[in-house]
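Undergrad: This structure is in structure tokens; I'll ask about it shortly.
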Protein chains: 2
Amino acid sequence: MAATIKSVAELAGVSIKTVSRVVNKEGTVKPDTLQRVEQAIAELKYTPNKAARDLASNATSVLGYVYDNPNAYYIIDMQKGILDVCRKNNFELLIHPCDASSENIAQELVDMVDSAQLAGLVLSPPLSEMPDVLHHLNEKNISYVRILSGDSEFSSTLPYVLVNDFKAAFHITEHLIAQGHKHIAFIAGEVIHKSTTERLNGYKAALKKASIPFDESLVIEGTYSFETGVKSADVLLSMQARPTAVFACNDEIAAGTLFGARMKGVDVPKDLAIAGFEDSPFSRQTFPPLTTASQPTNEIAQSATSSLIQYLRAKKTKSHFDNLTQTFIPQLVVRSSTKVSL
Amino acid sequence: MAATIKSVAELAGVSIKTVSRVVNKEGTVKPDTLQRVEQAIAELKYTPNKAARDLASNATSVLGYVYDNPNAYYIIDMQKGILDVCRKNNFELLIHPCDASSENIAQELVDMVDSAQLAGLVLSPPLSEMPDVLHHLNEKNISYVRILSGDSEFSSTLPYVLVNDFKAAFHITEHLIAQGHKHIAFIAGEVIHKSTTERLNGYKAALKKASIPFDESLVIEGTYSFETGVKSADVLLSMQARPTAVFACNDEIAAGTLFGARMKGVDVPKDLAIAGFEDSPFSRQTFPPLTTASQPTNEIAQSATSSLIQYLRAKKTKSHFDNLTQTFIPQLVVRSSTKVSL
DNA sequence: AGCCAAAATGACAACGCTGTCATTTATTAT
DNA sequence: ATAATAAATGACAGCGTTGTCATTTTGGCT
């Protein structure tokens, strides 16, 4: 049926090993044999059998992307970025959405890596920040790359990519302050996400720099959801000393806040400025569109995936792996939810 | 390192073939040997090597999900549904986002199935409706299941799942009519999507049933995007005989229309009723929330995937495959964008 | 007990590739 | 030219399964 390495070898008049060398670009093949073999490969439309390859080389080339994140856009972007790099490197991608709050998530991941025979994992928050999970993976000697917002207390020789939410939050808050706001509320998402505290800290730092006292009562704890935004708007707008601006931990919360403000007949941005975070597509589609911070999710994913693949290669050949970490800073995007003149 | 079938066989005191029988649930093993083997498997934490298995059985158990759809929520839901069924059946899933409008998309898919050695494909619109693509797949004897909105002119013995957009659009339009509207505009998405024409036809049918003459000028052609909605609002609201209601082909367009209406100071739903389609999360998060049609994407995906797996099994054992097609009808969800009293 | 069919189990090749090591061929230095 | 070395190629075992077919065991009958 399908061409095998044997049929290619016969057609090219060489041994199967030489074909293997060509396919794997080992480089130790004479130009003219190389050409003959390539010709034969093309003629027979030969594709190496993955199963045979994996079996013989005792290594798979499938990565897993594990995530628990409600933001569909983020996930889709991540997937695309990871896939791009996978394709370029002849890796495949298995996706594994899961529930980070589940009791035995660590075991689930270990089992999954095991049964799917994965070469490594790409972990995005919050999984990438859960010591228990990382610990289990390390114990089983599973390779992974992490995408982190802010430094991790959990160090290892494995690669990771940093997204500096602190600075981005700092910039957003500074922007609000620059608009003349002094009463700025902060609506937090789940605290299990490290980004939540990073963003809160960025917010605090900007206040401090502007000598605006931090007011605990202006911080509302919630989840990364529209509902949190709606409820928070209700709370904030009923306060005696109403805030004039809100920094929501993500766009969904911000959209909810906007919704809540409108329900109360509060004009945005005149009576209340609202900023989000993440630059989701719908941050552009609310009325008015939301000021937010934009991160290059696709690039982040690519960077993480290349690191992982490099790491895996180094591990296989037992050569040295240079753990050079890339850092990304989400960029402030100003839209009319915080600026009247826009 | 990892346990193999051999080590399990030794521990259990049987031949590797018997272990294989147990693992594959062939059923021809005596209860007590079965138990001994299972015990050994558990003790050694044995997981069959996928590569060896695939190689020996000459069949992979990896499905591909191919899509080109801008709706992140839809894709995520589809992925989850497909994955659920895959996991239950020990299949794996490879995702393949692509560009349906690319010149050689058909070839790309064929190559991809080839190089990734896929067992079959799950196709969602618009790929599932492109004769050229299907033709190429058939030629290469590639198995696939299609998710279709409305009957397909391209028939084959392969399974498919129907989503009746016609009826759903009919219901939405009827709802608008029931609210007293007689001038109802229709904003279309890309015509490459069959769902677009299906929805248009449903709209027409409902008008007809209510004896409302179909007015060509109330139909706007666009894309499934927010921008289309914004622009269409502009056009529609500048007409001499303004429509009082809009049926947008999906929620994103509807959100854009809403945005456009607001820009013009038009009150929704009082001066303009707006309905969308798809029940995206953000249809709940606009102000006012959007009336829409909700489809059980997850279930649809599951249904499609089971069909495909059944088909593959039947094909392998050369037994008969019963092509029983399931049909889903998106349900009307009424929210305040079309109903004042809500 | 003795026979037979059916059920249970095992021996072993094969799947298509890579890794190891031996062999051949080309290249360089003398 | 010749030896010494490097580069190119090949032979063949093995990777961990499943499939085929042979063999052993079991249970039901006489």
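If you're wondering about the labels, chains in the structure tokens are A, B, ... by order shown, residues count from 1 in each chain, ligands from 1 in order shown.
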Using only C-alpha atoms (C1' of nucleotides), which protein or nucleic acid residues come within 9 Å of segment 299-310 of chain A? Drop anything in the same chain fewer than 3 positions from it, and give the result as a PyMOL selection string.
TA: chain A and resi 63+77-86+89+91+120-122+143-147+158-163+295-296+313-315+321-328
Undergrad: Could the residues in this selection be written to a file with N, CA and C atoms, as a compact mmCIF listing (two decimals), in the first residue's frame?
TA:
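So result_1.txt came out as:
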```txt
# COMPACT_ATOMS: atom_id res chain seq x y z
N LEU A 63 3.68 16.82 21.73
CA LEU A 63 3.63 17.68 22.90
C LEU A 63 2.19 17.77 23.39
N ASP A 77 -5.49 31.37 20.61
CA ASP A 77 -4.23 32.00 20.22
C ASP A 77 -3.04 31.15 20.66
N MET A 78 -3.12 30.69 21.86
CA MET A 78 -2.04 29.83 22.37
C MET A 78 -1.89 28.60 21.48
N GLN A 79 -2.99 27.97 21.20
CA GLN A 79 -2.95 26.76 20.38
C GLN A 79 -2.29 27.04 19.04
N LYS A 80 -2.67 28.14 18.43
CA LYS A 80 -2.11 28.47 17.13
C LYS A 80 -0.60 28.66 17.23
N GLY A 81 -0.18 29.41 18.24
CA GLY A 81 1.25 29.66 18.41
C GLY A 81 2.02 28.39 18.64
N ILE A 82 1.50 27.54 19.50
CA ILE A 82 2.18 26.28 19.79
C ILE A 82 2.24 25.43 18.53
N LEU A 83 1.12 25.36 17.84
CA LEU A 83 1.04 24.54 16.63
C LEU A 83 2.04 24.99 15.58
N ASP A 84 2.17 26.29 15.42
CA ASP A 84 3.12 26.81 14.43
C ASP A 84 4.50 26.22 14.63
N VAL A 85 4.93 26.30 15.87
CA VAL A 85 6.27 25.81 16.18
C VAL A 85 6.33 24.29 16.07
N CYS A 86 5.29 23.64 16.51
CA CYS A 86 5.25 22.18 16.41
C CYS A 86 5.40 21.74 14.97
N ASN A 89 8.77 21.92 13.54
CA ASN A 89 9.74 20.99 14.10
C ASN A 89 9.28 19.54 14.06
N PHE A 91 6.69 18.22 15.25
CA PHE A 91 6.06 17.73 16.46
C PHE A 91 4.55 17.77 16.25
N GLY A 120 6.55 16.12 26.05
CA GLY A 120 6.62 17.23 27.00
C GLY A 120 5.32 18.00 27.05
N LEU A 121 5.24 18.91 27.98
CA LEU A 121 4.01 19.68 28.18
C LEU A 121 4.25 21.18 28.09
N VAL A 122 3.25 21.87 27.59
CA VAL A 122 3.23 23.33 27.68
C VAL A 122 2.18 23.68 28.72
N SER A 143 9.07 16.50 31.14
CA SER A 143 9.57 17.79 30.68
C SER A 143 8.41 18.74 30.41
N TYR A 144 8.61 19.99 30.76
CA TYR A 144 7.56 20.96 30.48
C TYR A 144 8.14 22.35 30.39
N VAL A 145 7.36 23.23 29.77
CA VAL A 145 7.71 24.64 29.76
C VAL A 145 6.54 25.38 30.39
N ARG A 146 6.85 26.42 31.13
CA ARG A 146 5.78 27.15 31.81
C ARG A 146 5.66 28.57 31.29
N ILE A 147 4.44 29.03 31.25
CA ILE A 147 4.20 30.43 30.95
C ILE A 147 3.76 31.06 32.27
N LEU A 158 14.02 23.59 34.16
CA LEU A 158 13.18 23.57 32.97
C LEU A 158 12.89 24.98 32.48
N PRO A 159 12.63 25.11 31.19
CA PRO A 159 12.41 26.44 30.63
C PRO A 159 11.08 27.07 31.05
N TYR A 160 11.03 28.36 30.96
CA TYR A 160 9.77 29.06 31.23
C TYR A 160 9.80 30.41 30.50
N VAL A 161 8.63 31.00 30.34
CA VAL A 161 8.49 32.28 29.67
C VAL A 161 7.76 33.22 30.62
N LEU A 162 8.26 34.41 30.73
CA LEU A 162 7.65 35.35 31.67
C LEU A 162 6.76 36.38 30.97
N VAL A 163 5.62 36.64 31.56
CA VAL A 163 4.77 37.73 31.10
C VAL A 163 4.65 38.68 32.27
N GLN A 295 -1.41 41.48 25.14
CA GLN A 295 -0.21 40.64 25.16
C GLN A 295 -0.12 39.83 23.88
N PRO A 296 1.09 39.63 23.38
CA PRO A 296 1.27 38.89 22.14
C PRO A 296 1.18 37.39 22.39
N ARG A 313 15.46 18.34 22.87
CA ARG A 313 16.58 17.91 22.03
C ARG A 313 17.85 17.80 22.87
N ALA A 314 18.08 18.84 23.67
CA ALA A 314 19.28 18.84 24.50
C ALA A 314 19.26 17.63 25.44
N LYS A 315 18.10 17.36 25.96
CA LYS A 315 17.97 16.25 26.90
C LYS A 315 18.29 14.93 26.20
N PHE A 321 21.74 22.57 27.89
CA PHE A 321 20.59 23.39 27.52
C PHE A 321 20.73 24.78 28.13
N ASP A 322 20.67 25.75 27.26
CA ASP A 322 20.83 27.13 27.69
C ASP A 322 19.46 27.71 27.99
N ASN A 323 19.17 27.88 29.24
CA ASN A 323 17.85 28.31 29.64
C ASN A 323 17.71 29.83 29.56
N LEU A 324 17.58 30.34 28.35
CA LEU A 324 17.42 31.79 28.24
C LEU A 324 15.96 32.15 28.17
N THR A 325 15.53 32.80 29.20
CA THR A 325 14.12 33.10 29.38
C THR A 325 13.73 34.39 28.68
N GLN A 326 12.61 34.33 27.99
CA GLN A 326 12.12 35.55 27.36
C GLN A 326 11.05 36.18 28.25
N THR A 327 11.01 37.49 28.23
CA THR A 327 9.99 38.19 29.02
C THR A 327 9.15 39.08 28.10
N PHE A 328 7.87 39.05 28.33
CA PHE A 328 6.96 39.88 27.55
C PHE A 328 6.22 40.84 28.47
```
Undergrad: Give one line per residue of chain D that approaches chain A to at most 7 Å, naming the two atoms of the closest pair and their distance in Å to one decimal, counting only C-alpha atoms (C1' of nucleotides); sort by chain then ascending residue number and deliver it as CSV.
TA:
```
residue,atom,partner,partner_atom,distance
D:DA8,C1',A:Val29,CA,6.4
D:DT9,C1',A:Thr18,CA,6.9
D:DG10,C1',A:Ser15,CA,6.1
D:DC15,C1',A:Ala56,CA,4.7
```
Undergrad: Mind writing the picked residues with N, CA and C atoms (P, O5', C5', C4', C3', O3' and C1' of nucleotides) as an mmCIF file, in the first residue's frame?
TA:
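As a result, result07.cif now contains:
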```
data_model
loop_
_atom_site.group_PDB
_atom_site.id
_atom_site.type_symbol
_atom_site.label_atom_id
_atom_site.label_comp_id
_atom_site.auth_asym_id
_atom_site.auth_seq_id
_atom_site.Cartn_x
_atom_site.Cartn_y
_atom_site.Cartn_z
ATOM 1 P P DA D 8 30.746 12.258 3.361
ATOM 2 O "O5'" DA D 8 30.365 10.765 2.982
ATOM 3 C "C5'" DA D 8 30.774 10.249 1.721
ATOM 4 C "C4'" DA D 8 30.305 8.833 1.596
ATOM 5 C "C3'" DA D 8 28.790 8.631 1.683
ATOM 6 O "O3'" DA D 8 28.400 8.054 0.459
ATOM 7 C "C1'" DA D 8 29.938 7.042 3.046
ATOM 8 P P DT D 9 26.866 7.711 0.168
ATOM 9 O "O5'" DT D 9 26.761 6.289 0.847
ATOM 10 C "C5'" DT D 9 27.222 5.164 0.117
ATOM 11 C "C4'" DT D 9 27.156 3.948 0.991
ATOM 12 C "C3'" DT D 9 25.757 3.423 1.269
ATOM 13 O "O3'" DT D 9 25.527 2.348 0.384
ATOM 14 C "C1'" DT D 9 27.265 3.149 3.102
ATOM 15 P P DG D 10 24.116 1.624 0.387
ATOM 16 O "O5'" DG D 10 24.437 0.375 1.316
ATOM 17 C "C5'" DG D 10 25.620 -0.384 1.081
ATOM 18 C "C4'" DG D 10 25.760 -1.457 2.148
ATOM 19 C "C3'" DG D 10 24.460 -2.198 2.466
ATOM 20 O "O3'" DG D 10 24.753 -3.578 2.593
ATOM 21 C "C1'" DG D 10 25.360 -1.291 4.455
ATOM 22 P P DC D 15 14.982 -4.734 22.519
ATOM 23 O "O5'" DC D 15 13.961 -3.539 22.343
ATOM 24 C "C5'" DC D 15 14.393 -2.206 22.159
ATOM 25 C "C4'" DC D 15 13.254 -1.441 21.532
ATOM 26 C "C3'" DC D 15 11.889 -1.951 21.964
ATOM 27 O "O3'" DC D 15 11.459 -1.189 23.087
ATOM 28 C "C1'" DC D 15 11.989 -1.484 19.598
#
```
Undergrad: Could you please select, counting only C-alpha atoms (C1' of nucleotides), the residues of chain C within 12 Å of chain A and state them as a list of chain:residue names?
TA: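 Contact residues on the first chain: C:DC15, C:DG16, C:DC17, C:DT18, C:DG19, C:DT20, C:DT25, C:DA26.
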Undergrad: Which residues of chain B sit at most 7 Å from chain A, using only C-alpha atoms? Give each one's shortest atom pair and distance in Å (one decimal place), in chain and ascending residue order, as CSV.
TA:
```
residue,atom,partner,partner_atom,distance
B:Thr47,CA,A:Ser115,CA,6.2
B:Ala51,CA,A:Ala51,CA,4.3
B:Ala52,CA,A:Leu55,CA,5.8
B:Asp54,CA,A:Ala51,CA,5.9
B:Leu55,CA,A:Ala51,CA,5.3
B:Ala72,CA,A:Ala72,CA,5.5
B:Tyr73,CA,A:Ala72,CA,5.6
B:Ile76,CA,A:Ala72,CA,6.4
B:Leu93,CA,A:Leu94,CA,6.2
B:Leu94,CA,A:Leu94,CA,5.8
B:Ser115,CA,A:Thr47,CA,6.1
B:Gly256,CA,A:Gln285,CA,6.9
B:Phe259,CA,A:Phe287,CA,6.1
B:Gln285,CA,A:Gly256,CA,6.9
B:Thr286,CA,A:Thr286,CA,6.9
B:Phe287,CA,A:Phe259,CA,6.1
```
Undergrad: Would you put the residues from that selection into a file with all heavy atoms, as a short mmCIF file (atom, residue, chain, number, x, y, z; two decimals), in the first residue's frame?
TA:
```cif
data_model
loop_
_atom_site.label_atom_id
_atom_site.label_comp_id
_atom_site.auth_asym_id
_atom_site.auth_seq_id
_atom_site.Cartn_x
_atom_site.Cartn_y
_atom_site.Cartn_z
N THR B 47 1.55 0.53 30.87
CA THR B 47 0.75 1.19 29.83
C THR B 47 1.26 0.71 28.50
O THR B 47 2.46 0.78 28.23
CB THR B 47 0.96 2.71 29.85
OG1 THR B 47 1.06 3.15 31.19
CG2 THR B 47 -0.17 3.42 29.14
N ALA B 51 3.18 3.39 20.12
CA ALA B 51 3.88 3.26 18.85
C ALA B 51 3.93 1.80 18.41
O ALA B 51 3.61 1.47 17.26
CB ALA B 51 5.29 3.84 18.98
N ALA B 52 4.29 0.96 19.35
CA ALA B 52 4.39 -0.47 19.01
C ALA B 52 3.03 -1.00 18.58
O ALA B 52 2.89 -1.76 17.62
CB ALA B 52 4.89 -1.25 20.21
N ASP B 54 0.45 0.68 17.33
CA ASP B 54 0.07 1.20 16.02
C ASP B 54 0.82 0.48 14.92
O ASP B 54 0.27 0.15 13.88
CB ASP B 54 0.37 2.70 15.94
CG ASP B 54 -0.61 3.52 16.76
OD1 ASP B 54 -1.60 2.95 17.24
OD2 ASP B 54 -0.37 4.73 16.92
N LEU B 55 2.09 0.26 15.19
CA LEU B 55 2.91 -0.38 14.17
C LEU B 55 2.44 -1.79 13.90
O LEU B 55 2.25 -2.19 12.75
CB LEU B 55 4.37 -0.40 14.64
CG LEU B 55 5.37 -1.04 13.69
CD1 LEU B 55 5.34 -0.34 12.34
CD2 LEU B 55 6.77 -0.98 14.27
N ALA B 72 -14.11 31.69 18.42
CA ALA B 72 -13.29 30.95 19.38
C ALA B 72 -14.13 30.08 20.30
O ALA B 72 -13.76 28.95 20.61
CB ALA B 72 -12.45 31.92 20.21
N TYR B 73 -15.27 30.58 20.72
CA TYR B 73 -16.10 29.81 21.63
C TYR B 73 -16.60 28.54 20.98
O TYR B 73 -16.62 27.47 21.58
CB TYR B 73 -17.30 30.66 22.10
CG TYR B 73 -16.89 31.86 22.91
CD1 TYR B 73 -16.99 33.14 22.38
CD2 TYR B 73 -16.39 31.70 24.19
CE1 TYR B 73 -16.61 34.24 23.13
CE2 TYR B 73 -16.00 32.79 24.94
CZ TYR B 73 -16.12 34.07 24.41
OH TYR B 73 -15.74 35.14 25.15
N ILE B 76 -13.70 26.05 20.77
CA ILE B 76 -13.38 25.46 22.07
C ILE B 76 -14.42 24.42 22.47
O ILE B 76 -14.08 23.34 22.95
CB ILE B 76 -13.31 26.58 23.14
CG1 ILE B 76 -12.08 27.47 22.87
CG2 ILE B 76 -13.27 26.00 24.53
CD1 ILE B 76 -10.76 26.84 23.26
N LEU B 93 -6.56 13.28 19.76
CA LEU B 93 -7.04 14.32 18.86
C LEU B 93 -5.92 15.27 18.47
O LEU B 93 -5.20 15.78 19.31
CB LEU B 93 -8.16 15.12 19.53
CG LEU B 93 -8.72 16.26 18.68
CD1 LEU B 93 -9.42 15.69 17.46
CD2 LEU B 93 -9.68 17.11 19.49
N LEU B 94 -5.85 15.47 17.19
CA LEU B 94 -4.91 16.45 16.66
C LEU B 94 -5.74 17.59 16.11
O LEU B 94 -6.68 17.37 15.36
CB LEU B 94 -4.16 15.81 15.50
CG LEU B 94 -2.68 16.07 15.46
CD1 LEU B 94 -2.04 15.38 16.64
CD2 LEU B 94 -2.12 15.55 14.17
N SER B 115 0.79 12.69 6.65
CA SER B 115 2.01 12.79 7.45
C SER B 115 1.75 12.57 8.92
O SER B 115 2.62 12.13 9.66
CB SER B 115 2.68 14.14 7.21
OG SER B 115 2.06 15.13 7.97
N GLY B 256 -22.22 44.09 16.70
CA GLY B 256 -21.80 45.24 15.91
C GLY B 256 -22.97 46.14 15.57
O GLY B 256 -22.87 47.38 15.63
N PHE B 259 -23.83 48.08 18.54
CA PHE B 259 -22.84 49.14 18.69
C PHE B 259 -23.16 50.31 17.75
O PHE B 259 -23.20 51.48 18.16
CB PHE B 259 -21.45 48.57 18.37
CG PHE B 259 -20.30 49.51 18.63
CD1 PHE B 259 -19.57 49.43 19.80
CD2 PHE B 259 -19.93 50.46 17.68
CE1 PHE B 259 -18.49 50.28 20.03
CE2 PHE B 259 -18.87 51.33 17.90
CZ PHE B 259 -18.14 51.23 19.09
N GLN B 285 -23.52 39.38 27.23
CA GLN B 285 -22.75 40.43 27.89
C GLN B 285 -22.84 41.78 27.21
O GLN B 285 -22.14 42.72 27.59
CB GLN B 285 -21.30 39.97 27.99
CG GLN B 285 -21.21 38.57 28.57
CD GLN B 285 -19.80 38.09 28.75
OE1 GLN B 285 -18.87 38.73 28.28
NE2 GLN B 285 -19.63 36.98 29.42
N THR B 286 -23.65 41.87 26.21
CA THR B 286 -23.87 43.18 25.62
C THR B 286 -24.96 43.86 26.44
O THR B 286 -25.59 43.24 27.29
CB THR B 286 -24.36 43.04 24.17
OG1 THR B 286 -25.48 42.15 24.15
CG2 THR B 286 -23.26 42.48 23.28
N PHE B 287 -25.15 45.09 26.13
CA PHE B 287 -26.24 45.79 26.80
C PHE B 287 -27.14 46.41 25.74
O PHE B 287 -26.70 47.29 25.01
CB PHE B 287 -25.72 46.88 27.73
CG PHE B 287 -26.82 47.52 28.53
CD1 PHE B 287 -27.17 46.98 29.75
CD2 PHE B 287 -27.52 48.62 28.04
CE1 PHE B 287 -28.20 47.54 30.49
CE2 PHE B 287 -28.55 49.16 28.77
CZ PHE B 287 -28.89 48.62 30.00
#
```
Undergrad: Extract, using only C-alpha atoms (C1' of nucleotides), all DNA, RNA and protein residues at most 10 Å from DT25 of chain D, discarding same-chain residues fewer than 3 positions from it, and format them as a list in words.
TA: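 Here the answer would be DA7, DA8 and DT9 of chain C.
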Undergrad: Determine which residues of segment 130-311 of chain A receive a DSSP assignment of alpha helix (DSSP H), computed from the backbone, and state them as a ChimeraX atom specification.
TA: /A:131-139,165-178,194-209,226-237,251-263,297-311
Undergrad: Neighbouring residues of Ser128 of chain B were defined as those with any atom within 12 Å, considering only C-alpha atoms (C1' of nucleotides); residues of the same chain fewer than 3 positions away were excluded. Please report them as a PDB file with C-alpha atoms, in the first residue's frame.
TA:
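out_14.pdb written:
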```pdb
ATOM      1  CA  TYR B  65     -10.194  18.173  13.883  1.00  0.00           C
ATOM      2  CA  VAL B  66      -9.939  20.555  10.994  1.00  0.00           C
ATOM      3  CA  TYR B  67     -11.519  23.964  11.172  1.00  0.00           C
ATOM      4  CA  ASP B  68     -11.524  27.471   9.892  1.00  0.00           C
ATOM      5  CA  ASN B  69     -13.839  29.421  12.039  1.00  0.00           C
ATOM      6  CA  ALA B 100     -10.424  27.382   4.028  1.00  0.00           C
ATOM      7  CA  ALA B 106      -7.645  20.208  -0.149  1.00  0.00           C
ATOM      8  CA  LEU B 121     -11.178  13.712  10.325  1.00  0.00           C
ATOM      9  CA  VAL B 122     -13.910  15.749  11.920  1.00  0.00           C
ATOM     10  CA  LEU B 123     -14.950  18.544   9.589  1.00  0.00           C
ATOM     11  CA  SER B 124     -16.981  21.515  10.638  1.00  0.00           C
ATOM     12  CA  PRO B 125     -18.282  24.250   8.329  1.00  0.00           C
ATOM     13  CA  PRO B 131     -17.081  19.815  -2.609  1.00  0.00           C
ATOM     14  CA  ASP B 132     -13.497  20.138  -3.729  1.00  0.00           C
ATOM     15  CA  VAL B 133     -12.133  19.263  -0.315  1.00  0.00           C
ATOM     16  CA  LEU B 134     -14.501  16.343   0.116  1.00  0.00           C
ATOM     17  CA  HIS B 135     -13.704  15.102  -3.324  1.00  0.00           C
ATOM     18  CA  LEU B 137     -10.528  13.258   0.686  1.00  0.00           C
ATOM     19  CA  TYR B 144     -14.311  11.766   7.907  1.00  0.00           C
ATOM     20  CA  VAL B 145     -17.462  12.946   9.563  1.00  0.00           C
ATOM     21  CA  ARG B 146     -19.119  16.204   8.616  1.00  0.00           C
ATOM     22  CA  ILE B 147     -21.086  18.703  10.595  1.00  0.00           C
ATOM     23  CA  LEU B 148     -23.542  20.312   8.243  1.00  0.00           C
ATOM     24  CA  SER B 149     -26.124  23.024   8.393  1.00  0.00           C
ATOM     25  CA  GLY B 150     -28.788  21.823   6.072  1.00  0.00           C
ATOM     26  CA  ASP B 151     -28.664  18.965   3.633  1.00  0.00           C
ATOM     27  CA  SER B 152     -25.612  18.511   1.522  1.00  0.00           C
ATOM     28  CA  GLU B 153     -25.581  17.996  -2.177  1.00  0.00           C
ATOM     29  CA  PHE B 154     -22.428  15.991  -1.705  1.00  0.00           C
ATOM     30  CA  SER B 155     -23.511  12.555  -0.650  1.00  0.00           C
ATOM     31  CA  LEU B 158     -19.612   8.604   5.321  1.00  0.00           C
ATOM     32  CA  PRO B 159     -21.360   9.808   8.450  1.00  0.00           C
ATOM     33  CA  TYR B 160     -22.521  13.351   9.045  1.00  0.00           C
ATOM     34  CA  VAL B 161     -24.458  15.363  11.601  1.00  0.00           C
ATOM     35  CA  LEU B 162     -27.088  17.901  10.688  1.00  0.00           C
ATOM     36  CA  ILE B 192     -19.237  30.336   1.612  1.00  0.00           C
ATOM     37  CA  HIS B 193     -20.884  29.194   4.804  1.00  0.00           C
ATOM     38  CA  LYS B 194     -23.925  27.213   3.952  1.00  0.00           C
ATOM     39  CA  SER B 195     -25.448  28.287   7.240  1.00  0.00           C
TER      40      SER B 195
END
```
Undergrad: Can you pull out every residue within 8 Å of Ala169 of chain B, counting only C-alpha atoms (C1' of nucleotides), but drop anything in the same chain fewer than 6 positions away, and send it as an NGL selection string?
TA: :B and (198-203 or 293)
Undergrad: Do you have the atom CA of Gln35 of chain B-atom CA of Ser7 of chain B distance handy?
TA: 16.1 Å
Undergrad: Of the residues D:DC21, D:DA3, D:DC29, D:DA11, which is the one nearest to DA22 of chain C, using only C-alpha atoms (C1' of nucleotides)?
TA: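 Looking only at the distances to DA22 of chain C, the closest residue turns out to be D:DA11.
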Undergrad: Pull the strand (DSSP E) assignments for segment 38-157 of chain B out of DSSP run on the backbone, and list those residues as a list in words.
TA: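 Here is the list: Val62, Leu63, Gly64, Tyr65, Val66, Tyr67, Glu92, Leu93, Leu94, Ile95, His96, Pro97, Gly120, Leu121, Val122, Leu123, Tyr144, Val145, Arg146, Ile147, Leu148 and Ser149 of chain B.
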Undergrad: Any idea what the distance is between atom CA of Phe247 of chain B and atom CA of Pro213 of chain B?
TA: 15.9 Å
